[in-house]
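J.: I am attaching a structure below and will ask some questions about it afterwards.
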Amino acid sequence: MDAIFVATAVMTVPPLIYAALKDLSIREISDIPWLAISSVGVLSAACTLIRDGDGVLPVLSAIAAFAIQVAVMYDHDHQCLWVLSFLPTVAAVAAADGTGTTLQAALSPVMVMACYLLYRVGAIPGGADAKCMMSLSVAFPVSFGPMLSGPADAVSAAAMFPPSVWILFSACVLTTVFGGAWILYKRRGLALPLSSSYRVSLEEALRTHVWVLEDVVNGAVARVAPSDEKDEVCGRLRSVGQSTVLVSPMFPFIVPIAAATVMMLVAGCPFIS
């Protein structure tokens with residue numbers, strides 16, 4: 001086992017699990033877990049430099065990625081960071097030291113910006129989900145082996161796919177499998193048209209984490225865009241004699257992200273030497 005990597009995992013997993021539990025229970029998470037995870041990543045890069053003396057590029061990349069994350073999270077002027085985020089990667093390519101590890105470490109700022117972009121276009125569903133992936137991009141910039149064995153040099157085919165890519169992919173697979181099973185259960189089996197929506201009582205809609213897809217429009221119940229204003233909507237539906245409402249589940253995406261991270265820490269990243 002790699003001592004620094006083990007310490008990074010030990011300090012990263014608890015705030016990640018805490019955030020997952022918060023997402024599961026109230027769907028609201030403060031920024032503290034994300035800042036803690038990113039800070040661990042910067043500290044880990046610095047400790048690795050002190051121990052191994054492999055160059056300052058990974059540390060500079062971690063600091064740059066952390067700065068970009070903070071700027072994005074707190075709505076600072078971050079337009080110039082689009083350019084700055086690529087500088088460590090350009091430096092790594094110019095160095096041409098032949099290792100995928102160096103390139104992956106330099107990609108950390110780029111991955112933070114990529115997570116932000118995915119959030120803006122709706123591919124990552126929530127702001128907390130994007131912040132979570134940003135922080136993991138800082139904490140785990142380099143591919144690692146199974147059972148906390150530490151960083152491992154990625155082969156050329158995998159050098160462009162840091163751990164955060166595999167974590168996000170695995171989380172999407174877990175969400176599809178378990179989320180699909182939940183929707184089938186609520187819809188009482190496979191039914192046409194295929195959809196993520198199902199009908200529940202107004203009381204169940206009020207006590208569960210769902211988007212309501214119906215409202216009263218011009219005195220009649222109509223399909224509307226997803227809304228989280230359940231109290232007002234359910235009140236209007238009840239006033240016109242409606243006892244049920246069409247809803248779509250709010251999946252706690254931090255939960256599969258946390259599960260995917262723990263799974264990868266145990267099994268290691270795919271396609272590494």
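Chain labels run A, B, ... following the order of the structure tokens; each chain numbers its residues from 1, and ligands are numbered from 1 in the order shown.
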If we count only C-alpha atoms, what is near region 37-51 of chain A at a cut-off of 6 Å, once residues fewer than 2 positions away on the same chain are taken out, given as a list in words?

T.: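 Neighbouring residues, sequence-local ones excluded: Thr12, Trp34, Leu35, Gly53, Asp54, Val59, Ala62, Ser135, Val138 and Ala139 of chain A.
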
J.: Can you list, as a ChimeraX atom specification, every residue of region 84-233 of chain A that DSSP puts in strand (DSSP E)?

T.: /A:198-201,210-217,220-227

J.: Near region 101-109 of chain A, counting only C-alpha atoms, which residues have an atom at most 9 Å away, once you skip same-chain residues fewer than 3 positions from it, shown as JSON, numbers by chain?

T.: {"A": [57, 58, 59, 60, 61, 62, 63, 64, 65, 66, 67, 68, 69, 84, 85, 86, 87, 88, 89, 90, 91, 92, 93, 96, 97, 98, 112, 113, 114, 134, 137, 138, 140, 141, 142, 143, 151, 152, 153, 154, 155, 159, 160, 161, 162, 163]}

J.: Could you write those residues out with C-alpha atoms, as a PDB file, in the first residue's frame?

T.:
```
ATOM      1  CA  LEU A  57       3.825  20.047 -12.148  1.00  0.00           C
ATOM      2  CA  PRO A  58       1.349  17.796 -10.231  1.00  0.00           C
ATOM      3  CA  VAL A  59       1.311  20.259  -7.324  1.00  0.00           C
ATOM      4  CA  LEU A  60       0.795  23.258  -9.604  1.00  0.00           C
ATOM      5  CA  SER A  61      -1.975  21.372 -11.395  1.00  0.00           C
ATOM      6  CA  ALA A  62      -3.696  20.557  -8.103  1.00  0.00           C
ATOM      7  CA  ILE A  63      -3.479  24.190  -6.957  1.00  0.00           C
ATOM      8  CA  ALA A  64      -4.797  25.408 -10.319  1.00  0.00           C
ATOM      9  CA  ALA A  65      -7.667  22.914 -10.231  1.00  0.00           C
ATOM     10  CA  PHE A  66      -8.559  23.937  -6.680  1.00  0.00           C
ATOM     11  CA  ALA A  67      -8.494  27.634  -7.629  1.00  0.00           C
ATOM     12  CA  ILE A  68     -10.756  27.002 -10.620  1.00  0.00           C
ATOM     13  CA  GLN A  69     -13.189  25.034  -8.468  1.00  0.00           C
ATOM     14  CA  LEU A  84      -5.260  28.778 -17.699  1.00  0.00           C
ATOM     15  CA  SER A  85      -6.776  25.343 -17.079  1.00  0.00           C
ATOM     16  CA  PHE A  86      -5.015  23.968 -20.160  1.00  0.00           C
ATOM     17  CA  LEU A  87      -1.540  25.301 -19.326  1.00  0.00           C
ATOM     18  CA  PRO A  88      -0.475  22.380 -17.076  1.00  0.00           C
ATOM     19  CA  THR A  89      -1.560  19.934 -19.764  1.00  0.00           C
ATOM     20  CA  VAL A  90       0.433  21.781 -22.416  1.00  0.00           C
ATOM     21  CA  ALA A  91       3.445  21.743 -20.093  1.00  0.00           C
ATOM     22  CA  ALA A  92       3.082  17.999 -19.553  1.00  0.00           C
ATOM     23  CA  VAL A  93       2.920  17.313 -23.286  1.00  0.00           C
ATOM     24  CA  ALA A  96       7.135  14.421 -22.980  1.00  0.00           C
ATOM     25  CA  ASP A  97       8.404  12.276 -20.125  1.00  0.00           C
ATOM     26  CA  GLY A  98       6.560   9.262 -21.494  1.00  0.00           C
ATOM     27  CA  VAL A 112     -12.679  20.524 -13.179  1.00  0.00           C
ATOM     28  CA  MET A 113     -13.727  22.774 -16.069  1.00  0.00           C
ATOM     29  CA  ALA A 114     -15.210  19.759 -17.886  1.00  0.00           C
ATOM     30  CA  MET A 134     -14.782  18.688  -9.318  1.00  0.00           C
ATOM     31  CA  SER A 137     -10.890  15.448  -9.930  1.00  0.00           C
ATOM     32  CA  VAL A 138      -8.544  17.274  -7.550  1.00  0.00           C
ATOM     33  CA  PHE A 140      -7.692  11.651  -7.437  1.00  0.00           C
ATOM     34  CA  PRO A 141      -6.055  13.058 -10.581  1.00  0.00           C
ATOM     35  CA  VAL A 142      -4.015   9.947 -11.364  1.00  0.00           C
ATOM     36  CA  SER A 143      -4.982   6.316 -12.038  1.00  0.00           C
ATOM     37  CA  PRO A 151      -0.819   5.681  -8.195  1.00  0.00           C
ATOM     38  CA  ALA A 152      -0.016   3.572 -11.234  1.00  0.00           C
ATOM     39  CA  ASP A 153       1.134   4.796 -14.622  1.00  0.00           C
ATOM     40  CA  ALA A 154      -1.702   4.630 -17.139  1.00  0.00           C
ATOM     41  CA  VAL A 155      -1.049   3.086 -20.513  1.00  0.00           C
ATOM     42  CA  ALA A 159      -3.910   8.377 -20.112  1.00  0.00           C
ATOM     43  CA  MET A 160      -6.725  10.678 -21.265  1.00  0.00           C
ATOM     44  CA  PHE A 161      -9.189   9.090 -18.824  1.00  0.00           C
ATOM     45  CA  PRO A 162      -8.373  10.089 -15.220  1.00  0.00           C
ATOM     46  CA  PRO A 163     -10.200   8.415 -12.310  1.00  0.00           C
TER      47      PRO A 163
END
```

J.: Residues at most 10 Å from Phe251 (chain A), counting only C-alpha atoms, excluding those fewer than 4 positions away in the same chain, as a PDB file with N, CA and C atoms, in the first residue's frame?

T.:
```pdb
ATOM      1  N   ASP A  23     -27.474  14.033   0.821  1.00  0.00           N
ATOM      2  CA  ASP A  23     -28.197  14.044  -0.448  1.00  0.00           C
ATOM      3  C   ASP A  23     -29.375  13.088  -0.396  1.00  0.00           C
ATOM      4  N   LEU A  24     -29.182  11.959   0.266  1.00  0.00           N
ATOM      5  CA  LEU A  24     -30.244  10.962   0.367  1.00  0.00           C
ATOM      6  C   LEU A  24     -31.389  11.436   1.256  1.00  0.00           C
ATOM      7  N   ARG A  27     -31.430  16.320   0.317  1.00  0.00           N
ATOM      8  CA  ARG A  27     -31.069  16.837  -1.014  1.00  0.00           C
ATOM      9  C   ARG A  27     -30.400  18.215  -0.945  1.00  0.00           C
ATOM     10  N   PRO A 125     -26.666  16.474 -13.306  1.00  0.00           N
ATOM     11  CA  PRO A 125     -27.980  17.027 -12.978  1.00  0.00           C
ATOM     12  C   PRO A 125     -28.002  18.178 -11.991  1.00  0.00           C
ATOM     13  N   THR A 175     -26.808   4.518 -11.469  1.00  0.00           N
ATOM     14  CA  THR A 175     -28.069   5.260 -11.460  1.00  0.00           C
ATOM     15  C   THR A 175     -29.065   4.655 -12.443  1.00  0.00           C
ATOM     16  N   PHE A 178     -30.198   0.990 -10.866  1.00  0.00           N
ATOM     17  CA  PHE A 178     -31.040   1.048  -9.671  1.00  0.00           C
ATOM     18  C   PHE A 178     -32.183   2.052  -9.831  1.00  0.00           C
ATOM     19  N   GLY A 179     -31.912   3.163 -10.526  1.00  0.00           N
ATOM     20  CA  GLY A 179     -32.984   4.112 -10.785  1.00  0.00           C
ATOM     21  C   GLY A 179     -34.045   3.518 -11.696  1.00  0.00           C
ATOM     22  N   HIS A 209     -38.967  12.886  -2.171  1.00  0.00           N
ATOM     23  CA  HIS A 209     -38.170  13.782  -3.003  1.00  0.00           C
ATOM     24  C   HIS A 209     -38.492  13.518  -4.477  1.00  0.00           C
ATOM     25  N   VAL A 210     -39.410  14.305  -5.017  1.00  0.00           N
ATOM     26  CA  VAL A 210     -39.842  14.141  -6.402  1.00  0.00           C
ATOM     27  C   VAL A 210     -40.050  15.510  -7.044  1.00  0.00           C
ATOM     28  N   VAL A 255     -24.992   9.678  -4.080  1.00  0.00           N
ATOM     29  CA  VAL A 255     -24.928   8.310  -3.550  1.00  0.00           C
ATOM     30  C   VAL A 255     -24.209   7.374  -4.524  1.00  0.00           C
ATOM     31  N   PRO A 256     -24.611   7.298  -5.802  1.00  0.00           N
ATOM     32  CA  PRO A 256     -23.848   6.436  -6.721  1.00  0.00           C
ATOM     33  C   PRO A 256     -22.426   6.928  -6.970  1.00  0.00           C
TER      34      PRO A 256
END
```

J.: Using DSSP on the backbone, list every residue of region 78-262 of chain A that comes out as helix (DSSP H, G or I), and give them as a short mmCIF file (atom, residue, chain, number, x, y, z; two decimals) with C-alpha atoms, in the first residue's frame.

T.:
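That gives us selection_22.cif:
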```
data_model
loop_
_atom_site.label_atom_id
_atom_site.label_comp_id
_atom_site.auth_asym_id
_atom_site.auth_seq_id
_atom_site.Cartn_x
_atom_site.Cartn_y
_atom_site.Cartn_z
CA LEU A 81 -9.45 30.17 -16.22
CA TRP A 82 -10.67 28.47 -19.38
CA VAL A 83 -7.26 29.22 -20.89
CA LEU A 84 -5.26 28.78 -17.70
CA LEU A 87 -1.54 25.30 -19.33
CA PRO A 88 -0.47 22.38 -17.08
CA THR A 89 -1.56 19.93 -19.76
CA VAL A 90 0.43 21.78 -22.42
CA ALA A 91 3.44 21.74 -20.09
CA ALA A 92 3.08 18.00 -19.55
CA VAL A 93 2.92 17.31 -23.29
CA ALA A 94 5.94 19.56 -23.87
CA ALA A 95 7.89 17.70 -21.19
CA GLY A 100 0.54 8.77 -18.46
CA THR A 101 0.69 9.74 -14.79
CA THR A 102 2.18 13.15 -15.52
CA LEU A 103 -0.41 13.84 -18.22
CA GLN A 104 -3.28 12.77 -15.98
CA ALA A 105 -2.06 14.99 -13.15
CA ALA A 106 -1.87 17.92 -15.56
CA SER A 108 -6.86 17.89 -13.29
CA PRO A 109 -7.73 21.57 -14.01
CA VAL A 110 -9.22 20.56 -17.36
CA MET A 111 -11.39 17.93 -15.66
CA VAL A 112 -12.68 20.52 -13.18
CA MET A 113 -13.73 22.77 -16.07
CA ALA A 114 -15.21 19.76 -17.89
CA CYS A 115 -17.39 18.96 -14.85
CA TYR A 116 -18.56 22.57 -14.79
CA LEU A 117 -19.41 22.42 -18.50
CA LEU A 118 -21.31 19.16 -18.07
CA TYR A 119 -23.34 20.84 -15.33
CA ARG A 120 -24.10 23.88 -17.47
CA GLY A 127 -24.81 21.80 -8.70
CA ALA A 128 -23.77 19.64 -5.75
CA ASP A 129 -23.14 16.73 -8.13
CA ALA A 130 -20.85 18.91 -10.25
CA LYS A 131 -19.00 20.19 -7.17
CA CYS A 132 -18.54 16.62 -6.00
CA MET A 133 -17.00 15.58 -9.32
CA MET A 134 -14.78 18.69 -9.32
CA SER A 135 -13.42 17.85 -5.89
CA LEU A 136 -12.78 14.21 -6.85
CA SER A 137 -10.89 15.45 -9.93
CA VAL A 138 -8.54 17.27 -7.55
CA ALA A 139 -8.30 14.50 -4.96
CA SER A 156 -1.29 5.47 -23.44
CA ALA A 157 -4.87 4.46 -24.29
CA ALA A 158 -6.05 5.31 -20.79
CA PRO A 163 -10.20 8.41 -12.31
CA SER A 164 -12.96 11.06 -12.25
CA VAL A 165 -14.03 9.96 -15.74
CA TRP A 166 -14.42 6.36 -14.62
CA ILE A 167 -16.16 7.42 -11.40
CA LEU A 168 -18.70 9.49 -13.34
CA PHE A 169 -19.26 6.68 -15.85
CA SER A 170 -19.74 4.09 -13.09
CA ALA A 171 -22.11 6.41 -11.19
CA CYS A 172 -24.22 6.83 -14.34
CA VAL A 173 -24.38 3.04 -14.77
CA LEU A 174 -25.42 2.55 -11.13
CA THR A 175 -28.07 5.26 -11.46
CA THR A 176 -29.44 3.69 -14.63
CA VAL A 177 -29.65 0.21 -13.10
CA PHE A 178 -31.04 1.05 -9.67
CA GLY A 179 -32.98 4.11 -10.79
CA GLY A 180 -34.55 2.11 -13.60
CA ALA A 181 -35.50 -0.64 -11.17
CA TRP A 182 -37.11 1.93 -8.85
CA ILE A 183 -39.13 3.46 -11.69
CA LEU A 184 -40.29 0.02 -12.84
CA TYR A 185 -41.38 -0.71 -9.27
CA LYS A 186 -43.32 2.55 -8.99
CA LEU A 202 -50.59 14.01 -3.22
CA GLU A 203 -49.60 12.94 0.30
CA GLU A 204 -46.77 10.74 -1.00
CA ALA A 205 -45.57 13.49 -3.33
CA LEU A 206 -45.33 15.90 -0.39
CA ARG A 207 -43.26 13.57 1.80
CA LYS A 230 -44.74 20.79 -4.21
CA ASP A 231 -46.73 22.51 -1.47
CA GLU A 232 -48.21 25.13 -3.79
CA VAL A 233 -48.80 22.72 -6.68
CA CYS A 234 -50.39 20.01 -4.54
CA GLY A 235 -52.59 22.63 -2.90
CA ARG A 236 -53.87 23.78 -6.29
CA LEU A 237 -54.45 20.20 -7.42
CA ARG A 238 -56.36 19.40 -4.25
CA SER A 239 -58.53 22.48 -4.77
CA ILE A 254 -24.06 11.80 -4.84
CA VAL A 255 -24.93 8.31 -3.55
CA PRO A 256 -23.85 6.44 -6.72
CA ILE A 257 -20.82 8.75 -7.03
CA ALA A 258 -19.74 7.78 -3.51
CA ALA A 259 -20.41 4.10 -4.22
CA ALA A 260 -18.44 4.26 -7.48
CA THR A 261 -15.53 5.97 -5.71
CA VAL A 262 -15.36 3.34 -2.98
#
```
